[in-house]
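S.K.: One structure is given below, represented as structure tokens, and several questions about it will come after.
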Amino acid sequence: MIHAEGLTKVYQMGESEVRALDGASFTIEKGEMVAIMGPSGSGKSTLMSIIGCLDVPSSGQYSLDGVSVESLDESGLAEVRGRKIGFVFQQFNLLARTSALDNVMLPLTYAGVSGREREKRARAALERVGLGERTHHAPNELSGGQQQRVAIARAIVNEPTILLADEPTGALDSKTGVEIMDLFQRLHRENGQTVILVMHDAHVARHTERIIRLSDGRIVSDESNPNPIQAGAPRNDD
Amino acid sequence: MLFSENIRIALRALRANKMRSVLTILGIVIGVATVVALLAIGNGATASITSSIQSGGSNLLTISPGRQQQMGPMAGQSRQISHMYYSDYQLLERGLKTNITAIVPVYQSSYTIKFGDESFNANIVGVMEAHKDVRSFTVAEGRFVSDGDNKSQALVAVLGDTVAHDLFGDLSPLGKTLSINGIKFQVVGVLESKGASLGSPDDNVFVPIETGYKKLFGETALYNNKKTVNNILISVDDTNAMDTVSAQATYLLRRAHELKPSEEADFNVMSQADTLSTLNSVTQTLTIFLGAIAGISLLVGGIGIMNIMLVSVTERTKEIGLRKAVGATRNQILTQFLIETVTLSVLGGIIGILLGVGIALAFSVSGLINSVITADAILMAFFFALAIGVFFGLYPAMRAASLHPMVALRYE
Ligand SMILES: Nc1ncnc2c1ncn2[C@@H]1O[C@H](COP(=O)(O)OP(=O)(O)OP(=O)(O)O)[C@@H](O)[C@H]1O
Ligand SMILES: [Mg+2]
């Protein structure tokens with residue numbers, strides 16, 4: 001369970017302050033699939049980085065499964081990042097000149113999983129995202145959609161309880177975008193993972209069960225979507 | 001995370017920038033190679049000098065005039081401020097009784113020697129029969145100077161190996177007549193070579209000392225109308241008695257020279273041990289000096305590594321951010337970068353050791369100096385390289401480890 005109370009993030013830019021987040025409060029239950037929407041610069045990535053324990057809020061409370069994040073030290077945060085959270089970045093952030101397999105194995109390396117087991121699990125993760133045959137390609141030898149899949153495989157390889165993705169379909173054409181959404185829906189359905197996605201496109205966002213809208217760092221709406229579009233099903237709504 | 005894992009990551013990072021890695025470790029390579037080669041060559045030189053001194057016999061006392069040093073960098077410049085006389089030899093011969101194998105005087109001077117068309121300067125040494133045993137010479141052909149030669153002031157000469165070859169070529173010198181300073185001497189013996197060791201007889205011509213005083217050395221060997229000697233050699237039968245004999249000789253000579261207790265002696269009694277310790281202090285100074293130079297080059301190499309690692313940390317800010325984002329702890333990042341630096345420096349160390357050993361072997365093969373490569377020197381060089389890696393890697397690694405994951409990820 002994710003609980004946030006009055007999250008504020010202030011960036012100091014020389015003289016002026018940027019309030020990237022301005023008092024956001026919400027609760028996301030375990031196993032929910034949520035979309036975060038909002039115009040560019042509204043604080044979506046900032047919020048994700050706080051949820052993902054990559055950053056700490058300037059003020060406000062944030063707790064993960066009942067544990068307040070402020071109480072954690074550096075290595076405690078690293079452990080949460082490594083074990084509980086899978087993060088798919090807006091710019092993929094794959095290691096260059098490093099094979100897909102090695103990229104996916106990275107979180108396992110830091111989690112102390114042994115060599116053979118690591119490779120087995122990384123292969124399985126790549127299999128799940130449909131990249132079973134491309135394990136030895138470096139990022140520059142893969143298409144955008146394939147890179148996105150590697151990034152997703154890396155995020156799920158540790159079997160995290162929370163999967164975060166910042167605009168996972170933003171850089172992809174609509175067909176590939178739908179395939180990626182199908183992948184997230186399956187992960188959500190089959191593993192019961194909490195999935196939080198930043199979405200630009202209102203249509204794509206309707207693949208989730210709940211949509212939170214941000215504007216200027218504030219939550220302006222938070223509504224459920226009782227009938228999410230199933231990406232795997234034949235499309236009949238457009 | 002496993003140690004081998006870290007090494008693997010480090011090696012991959014280094015391979016990604018091969019040229020840069022090579023240039024980075026060059027400083028360490030040169031520094032370590034210098035240390036290893038210098039130590040090997042220094043050890044070799046010391047060993048060969050030591051063995052040549054010891055081959056003269058560890059039971060030998062050499063008495064020379066003045067406070068003249070036998071060894072050391074100033075040897076050539078030291079002024080001979082006093083004389084020793086043949087009478088000093090006679091005094092010791094009479095006065096020293098116990099633990100003595102032999103006492104012999106030596107007078108030597110340089111003269112032109114000539115045979116046929118061949119002519120050059122050689123060191124002519126006036127000796128007694130016992131000289132051969134005192135200096136452990138071996139006769140290759142014929143015989144050494146005898147007591148009979150001295151008694152009869154015979155015009156006979158014994159040649160060192162090099163002199164024999166230079167003067168007679170392939171001819172057997174035995175029975176031939178050569179001229180020393182225009183005086184004819186008959187060759188009665190040739191000595192076996194002792195190589196290029198200290199006090200080697202190879203370049204010398206030995207004549208009976210009495211013959212020398214009477215017919216060759218002339219006025220130059222006299223001072224105040226007394227026959228002078230260059231050295232008096234005392235062969236002691238028991239190395240434990242060296243100090244006692246040395247003290248007795250000193251006592252006798254001081255009394256004969258009428259020195260007051262406060263006066264410094266005008267002669268010098270040196271044992272092989274003294275000579276060795278003088279030599280050792282010289283080589284030690286030299287080693288420290290060369291070591292300092294090598295140390296500086298290692299230091300410069302270390303700074304080079306640190307510089308490159310700082311650049312590398314900056315370049316890989318995004319990578320570090322990502323590693324932290326997927327769960328790497330501060331310590332894991334610190335270890336990774338530290339191991340990367342240490343891998344660089346140890347790699348440099350290993351290449352440096354190989355290069356240094358190669359240089360040392362090249363010296364041996366070329367016959368310049370028989371270098372001695374010791375495990376100590378190699379281990380020392382290795383651990384020094386390792387220490388440099390740790391020392392100079394710590395700061396860049398700490399910089400990397402303290403990067404904030406989000407700031408690092410957003411870094412362009
Ligand atoms: N490190 C930073 N320093 C200063 N300002 C920042 C920093 N990171 C974000 N901001 C500012 O905070 C605000 C929110 O940024 P954020 O990246 O969260 O927006 P976003 O909603 O993800 O936008 P987009 O849809 O374009 O990705 C922006 O105005 C941005 O300029
Ligand atoms: Mg964003």
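Every chain in the structure tokens has a letter given in the order shown (A, B, ...), and although residue numbers restart at 1 in each chain, ligands are simply numbered from 1 in the order shown.
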Residues of chain A within 10 Å of chain B, counting only C-alpha atoms - could you list those as a count of residues only?
M.R.: 43
S.K.: Can you tell me which residues sit at most 7 Å away from ligand 2, counting only C-alpha atoms and all ligand atoms, written as a count of residues only?
M.R.: 4
S.K.: Please identify every polymer residue within 7 Å of ligand 1, using only C-alpha atoms and all ligand atoms, and present the set as a CSV table (one decimal) with all heavy atoms, in the first residue's frame.
M.R.:
chain,number,residue,atom,x,y,z
A,11,TYR,N,12.0,22.7,-6.0
A,11,TYR,CA,13.3,22.9,-6.6
A,11,TYR,C,13.8,24.3,-6.5
A,11,TYR,O,13.0,25.2,-6.9
A,11,TYR,CB,13.3,22.4,-8.1
A,11,TYR,CG,13.1,20.9,-8.2
A,11,TYR,CD1,12.0,20.4,-8.8
A,11,TYR,CD2,14.1,20.0,-7.8
A,11,TYR,CE1,11.8,19.1,-9.0
A,11,TYR,CE2,13.9,18.6,-8.0
A,11,TYR,CZ,12.7,18.2,-8.6
A,11,TYR,OH,12.5,16.8,-8.7
A,12,GLN,N,15.0,24.5,-6.1
A,12,GLN,CA,15.5,25.9,-6.0
A,12,GLN,C,16.2,26.1,-7.3
A,12,GLN,O,17.2,25.5,-7.6
A,12,GLN,CB,16.4,26.0,-4.8
A,12,GLN,CG,16.8,27.4,-4.4
A,12,GLN,CD,15.5,28.1,-3.7
A,12,GLN,OE1,14.8,27.5,-2.9
A,12,GLN,NE2,15.3,29.3,-4.1
A,13,MET,N,15.8,27.1,-8.1
A,13,MET,CA,16.5,27.4,-9.3
A,13,MET,C,17.0,28.8,-9.2
A,13,MET,O,16.4,29.8,-9.6
A,13,MET,CB,15.5,27.3,-10.5
A,13,MET,CG,15.0,26.0,-10.8
A,13,MET,SD,16.2,24.9,-11.5
A,13,MET,CE,16.4,25.5,-13.1
A,18,VAL,N,10.8,26.4,-7.9
A,18,VAL,CA,9.8,25.7,-8.7
A,18,VAL,C,9.1,24.7,-7.8
A,18,VAL,O,9.7,23.8,-7.2
A,18,VAL,CB,10.5,24.9,-9.9
A,18,VAL,CG1,9.4,24.2,-10.7
A,18,VAL,CG2,11.3,25.9,-10.7
A,19,ARG,N,7.8,24.8,-7.7
A,19,ARG,CA,7.0,23.8,-6.8
A,19,ARG,C,6.6,22.7,-7.8
A,19,ARG,O,5.5,22.8,-8.4
A,19,ARG,CB,5.9,24.5,-6.1
A,19,ARG,CG,6.3,25.5,-5.1
A,19,ARG,CD,5.1,26.1,-4.4
A,19,ARG,NE,4.7,25.4,-3.2
A,19,ARG,CZ,5.4,25.4,-2.1
A,19,ARG,NH1,6.4,26.2,-1.9
A,19,ARG,NH2,4.9,24.8,-1.0
A,20,ALA,N,7.4,21.7,-8.0
A,20,ALA,CA,7.0,20.6,-8.9
A,20,ALA,C,5.9,19.8,-8.3
A,20,ALA,O,5.0,19.3,-9.1
A,20,ALA,CB,8.3,19.7,-9.1
A,38,GLY,N,-1.6,14.4,-16.8
A,38,GLY,CA,-1.4,15.8,-16.6
A,38,GLY,C,-0.5,16.4,-17.6
A,38,GLY,O,0.2,15.7,-18.3
A,39,PRO,N,-0.6,17.7,-17.8
A,39,PRO,CA,0.2,18.4,-18.8
A,39,PRO,C,1.7,18.3,-18.5
A,39,PRO,O,2.1,18.0,-17.4
A,39,PRO,CB,-0.3,19.8,-18.8
A,39,PRO,CG,-1.0,20.0,-17.5
A,39,PRO,CD,-1.5,18.7,-17.1
A,40,SER,N,2.5,18.6,-19.5
A,40,SER,CA,3.9,18.5,-19.3
A,40,SER,C,4.3,19.5,-18.3
A,40,SER,O,3.8,20.7,-18.2
A,40,SER,CB,4.6,18.9,-20.7
A,40,SER,OG,6.0,18.7,-20.5
A,41,GLY,N,5.2,19.1,-17.4
A,41,GLY,CA,5.7,20.0,-16.3
A,41,GLY,C,4.8,20.0,-15.1
A,41,GLY,O,5.0,20.8,-14.2
A,42,SER,N,3.7,19.1,-15.1
A,42,SER,CA,2.8,19.2,-14.0
A,42,SER,C,3.3,18.4,-12.8
A,42,SER,O,2.6,18.4,-11.7
A,42,SER,CB,1.4,18.6,-14.4
A,42,SER,OG,1.6,17.3,-14.9
A,43,GLY,N,4.4,17.8,-12.9
A,43,GLY,CA,5.0,17.1,-11.7
A,43,GLY,C,4.9,15.6,-11.7
A,43,GLY,O,5.1,14.9,-10.7
A,44,LYS,N,4.5,15.0,-12.9
A,44,LYS,CA,4.3,13.6,-12.9
A,44,LYS,C,5.5,12.8,-12.6
A,44,LYS,O,5.6,11.9,-11.8
A,44,LYS,CB,3.7,13.2,-14.3
A,44,LYS,CG,2.5,13.9,-14.7
A,44,LYS,CD,1.9,13.5,-16.0
A,44,LYS,CE,2.9,13.7,-17.2
A,44,LYS,NZ,3.1,15.2,-17.5
A,45,SER,N,6.6,13.1,-13.3
A,45,SER,CA,7.9,12.4,-13.1
A,45,SER,C,8.4,12.6,-11.7
A,45,SER,O,9.0,11.7,-11.1
A,45,SER,CB,8.9,12.9,-14.1
A,45,SER,OG,8.5,12.5,-15.4
A,46,THR,N,8.2,13.8,-11.2
A,46,THR,CA,8.6,14.1,-9.8
A,46,THR,C,7.9,13.2,-8.8
A,46,THR,O,8.5,12.6,-8.0
A,46,THR,CB,8.4,15.6,-9.5
A,46,THR,OG1,9.0,16.4,-10.5
A,46,THR,CG2,8.9,16.0,-8.2
A,47,LEU,N,6.6,13.1,-9.0
A,47,LEU,CA,5.8,12.2,-8.2
A,47,LEU,C,6.3,10.8,-8.3
A,47,LEU,O,6.5,10.1,-7.2
A,47,LEU,CB,4.3,12.3,-8.6
A,47,LEU,CG,3.4,11.5,-7.7
A,47,LEU,CD1,3.4,11.9,-6.3
A,47,LEU,CD2,1.9,11.6,-8.2
B,407,VAL,N,19.3,12.9,-9.2
B,407,VAL,CA,20.2,13.9,-9.8
B,407,VAL,C,21.0,13.2,-10.9
B,407,VAL,O,21.2,13.7,-12.0
B,407,VAL,CB,21.1,14.6,-8.8
B,407,VAL,CG1,22.1,15.5,-9.4
B,407,VAL,CG2,20.2,15.3,-7.8
S.K.: Have a look at atom CA of B:Gln90 and atom CA of B:Gly189 and let me know their distance in Å, one decimal.
M.R.: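 Interatomic distance here is 27.2 Å.
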S.K.: To one decimal in Å, tell me the separation between atom CA of A:Ala205 and atom CA of A:Met181.
M.R.: 9.4 Å
S.K.: Among stretch 55-87 of chain A, which residues does DSSP mark as helix (DSSP H, G or I) when it is run on the backbone? Keep the chain and numbering as in the structure and answer as a VMD selection string.
M.R.: chain A and resid 69 to 71 74 to 83
S.K.: Save the residues we just selected, C-alpha atoms, as an mmCIF file, in the first residue's frame?
M.R.:
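Contents of the output file selection_25.cif:
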data_model
loop_
_atom_site.group_PDB
_atom_site.id
_atom_site.type_symbol
_atom_site.label_atom_id
_atom_site.label_comp_id
_atom_site.auth_asym_id
_atom_site.auth_seq_id
_atom_site.Cartn_x
_atom_site.Cartn_y
_atom_site.Cartn_z
ATOM 1 C CA VAL A 69 10.261 6.495 3.886
ATOM 2 C CA GLU A 70 11.784 9.343 5.910
ATOM 3 C CA SER A 71 12.805 6.785 8.517
ATOM 4 C CA GLU A 74 20.598 5.394 2.289
ATOM 5 C CA SER A 75 21.012 1.649 2.307
ATOM 6 C CA GLY A 76 17.424 1.161 3.471
ATOM 7 C CA LEU A 77 16.239 3.174 0.464
ATOM 8 C CA ALA A 78 18.529 1.192 -1.830
ATOM 9 C CA GLU A 79 17.030 -2.008 -0.501
ATOM 10 C CA VAL A 80 13.464 -0.779 -1.108
ATOM 11 C CA ARG A 81 14.436 0.287 -4.649
ATOM 12 C CA GLY A 82 16.006 -3.081 -5.293
ATOM 13 C CA ARG A 83 13.341 -5.352 -3.836
#
S.K.: Could you tell me how far atom CA of B:Val346 sits from atom CA of B:Asp376, in Å to one decimal place?
M.R.: 16.6 Å
S.K.: Do a neighbour search on A:Ala4 at 9 Å with only C-alpha atoms, toss out local chain neighbours closer than 3 positions, and write the hits as a list in words.
M.R.: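 So, after excluding close chain neighbours, the residues are Leu7, Ala24, Ser25, Phe26, Thr27, Ile28, Ile51, Gly60, Gln61, Tyr62, Ser63 and Leu64 of chain A.
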S.K.: When distances are computed from only C-alpha atoms, which of B:Ala400, B:Val22, B:Ile103, B:Ala10 shows the smallest separation from B:Ser235?
M.R.: B:Ile103
S.K.: List as JSON, numbers by chain the protein and nucleic acid residues near B:Gly142, meaning an atom at most 8 Å away when only C-alpha atoms are counted, but skip any in the same chain fewer than 2 places from it.
M.R.: {"B": [139, 140, 144, 174, 188, 189, 190]}
S.K.: Any chance you can output those residues with N, CA and C atoms as a PDB file, in the first residue's frame?
M.R.:
ATOM      1  N   VAL B 139      97.633 -20.518  -9.654  1.00  0.00           N
ATOM      2  CA  VAL B 139      98.576 -20.430 -10.765  1.00  0.00           C
ATOM      3  C   VAL B 139      98.080 -21.315 -11.899  1.00  0.00           C
ATOM      4  N   ALA B 140      97.954 -20.745 -13.086  1.00  0.00           N
ATOM      5  CA  ALA B 140      97.490 -21.517 -14.238  1.00  0.00           C
ATOM      6  C   ALA B 140      98.652 -22.254 -14.900  1.00  0.00           C
ATOM      7  N   PHE B 144     104.437 -19.157  -8.932  1.00  0.00           N
ATOM      8  CA  PHE B 144     104.312 -17.784  -8.449  1.00  0.00           C
ATOM      9  C   PHE B 144     105.692 -17.293  -8.005  1.00  0.00           C
ATOM     10  N   LEU B 174     105.365 -18.424 -20.878  1.00  0.00           N
ATOM     11  CA  LEU B 174     106.387 -19.009 -20.001  1.00  0.00           C
ATOM     12  C   LEU B 174     107.761 -18.971 -20.656  1.00  0.00           C
ATOM     13  N   VAL B 188     107.776 -16.349 -15.404  1.00  0.00           N
ATOM     14  CA  VAL B 188     107.878 -17.689 -14.815  1.00  0.00           C
ATOM     15  C   VAL B 188     106.511 -18.287 -14.511  1.00  0.00           C
ATOM     16  N   GLY B 189     105.458 -17.476 -14.647  1.00  0.00           N
ATOM     17  CA  GLY B 189     104.138 -18.029 -14.334  1.00  0.00           C
ATOM     18  C   GLY B 189     103.010 -17.136 -14.833  1.00  0.00           C
ATOM     19  N   VAL B 190     101.831 -17.770 -14.994  1.00  0.00           N
ATOM     20  CA  VAL B 190     100.615 -17.034 -15.362  1.00  0.00           C
ATOM     21  C   VAL B 190      99.531 -17.441 -14.369  1.00  0.00           C
TER      22      VAL B 190
END
S.K.: Please, which residues of stretch 144-392 of chain B, numbered as in this document, come out strand (DSSP E or B) from DSSP, as an MDAnalysis selection string?
M.R.: chainID B and resid 156:159 177:180 183:191 204:208 222:223 226:229 231:236 267:271
S.K.: List every residue of stretch 35-117 of chain A that has an atom at most 8 Å from any atom of stretch 121-130 of chain A, and for each one report the closest atom pair and its distance in Å to one decimal, counting only C-alpha atoms, with rows sorted by chain and then by increasing residue number, as a Markdown table.
M.R.:
| residue | atom | partner | partner_atom | distance |
| --- | --- | --- | --- | --- |
| A:Leu101 | CA | A:Ala122 | CA | 6.3 |
| A:Val104 | CA | A:Ala122 | CA | 5.6 |
| A:Met105 | CA | A:Ala122 | CA | 5.5 |
| A:Glu117 | CA | A:Arg121 | CA | 6.2 |
S.K.: Can those selected residues be exported to a file as an mmCIF file, in the first residue's frame so that it contains C-alpha atoms?
M.R.:
data_model
loop_
_atom_site.group_PDB
_atom_site.id
_atom_site.type_symbol
_atom_site.label_atom_id
_atom_site.label_comp_id
_atom_site.auth_asym_id
_atom_site.auth_seq_id
_atom_site.Cartn_x
_atom_site.Cartn_y
_atom_site.Cartn_z
ATOM 1 C CA LEU A 101 20.464 -9.883 -20.774
ATOM 2 C CA VAL A 104 18.082 -7.143 -17.095
ATOM 3 C CA MET A 105 20.427 -8.947 -14.707
ATOM 4 C CA GLU A 117 20.013 -18.152 -11.004
#
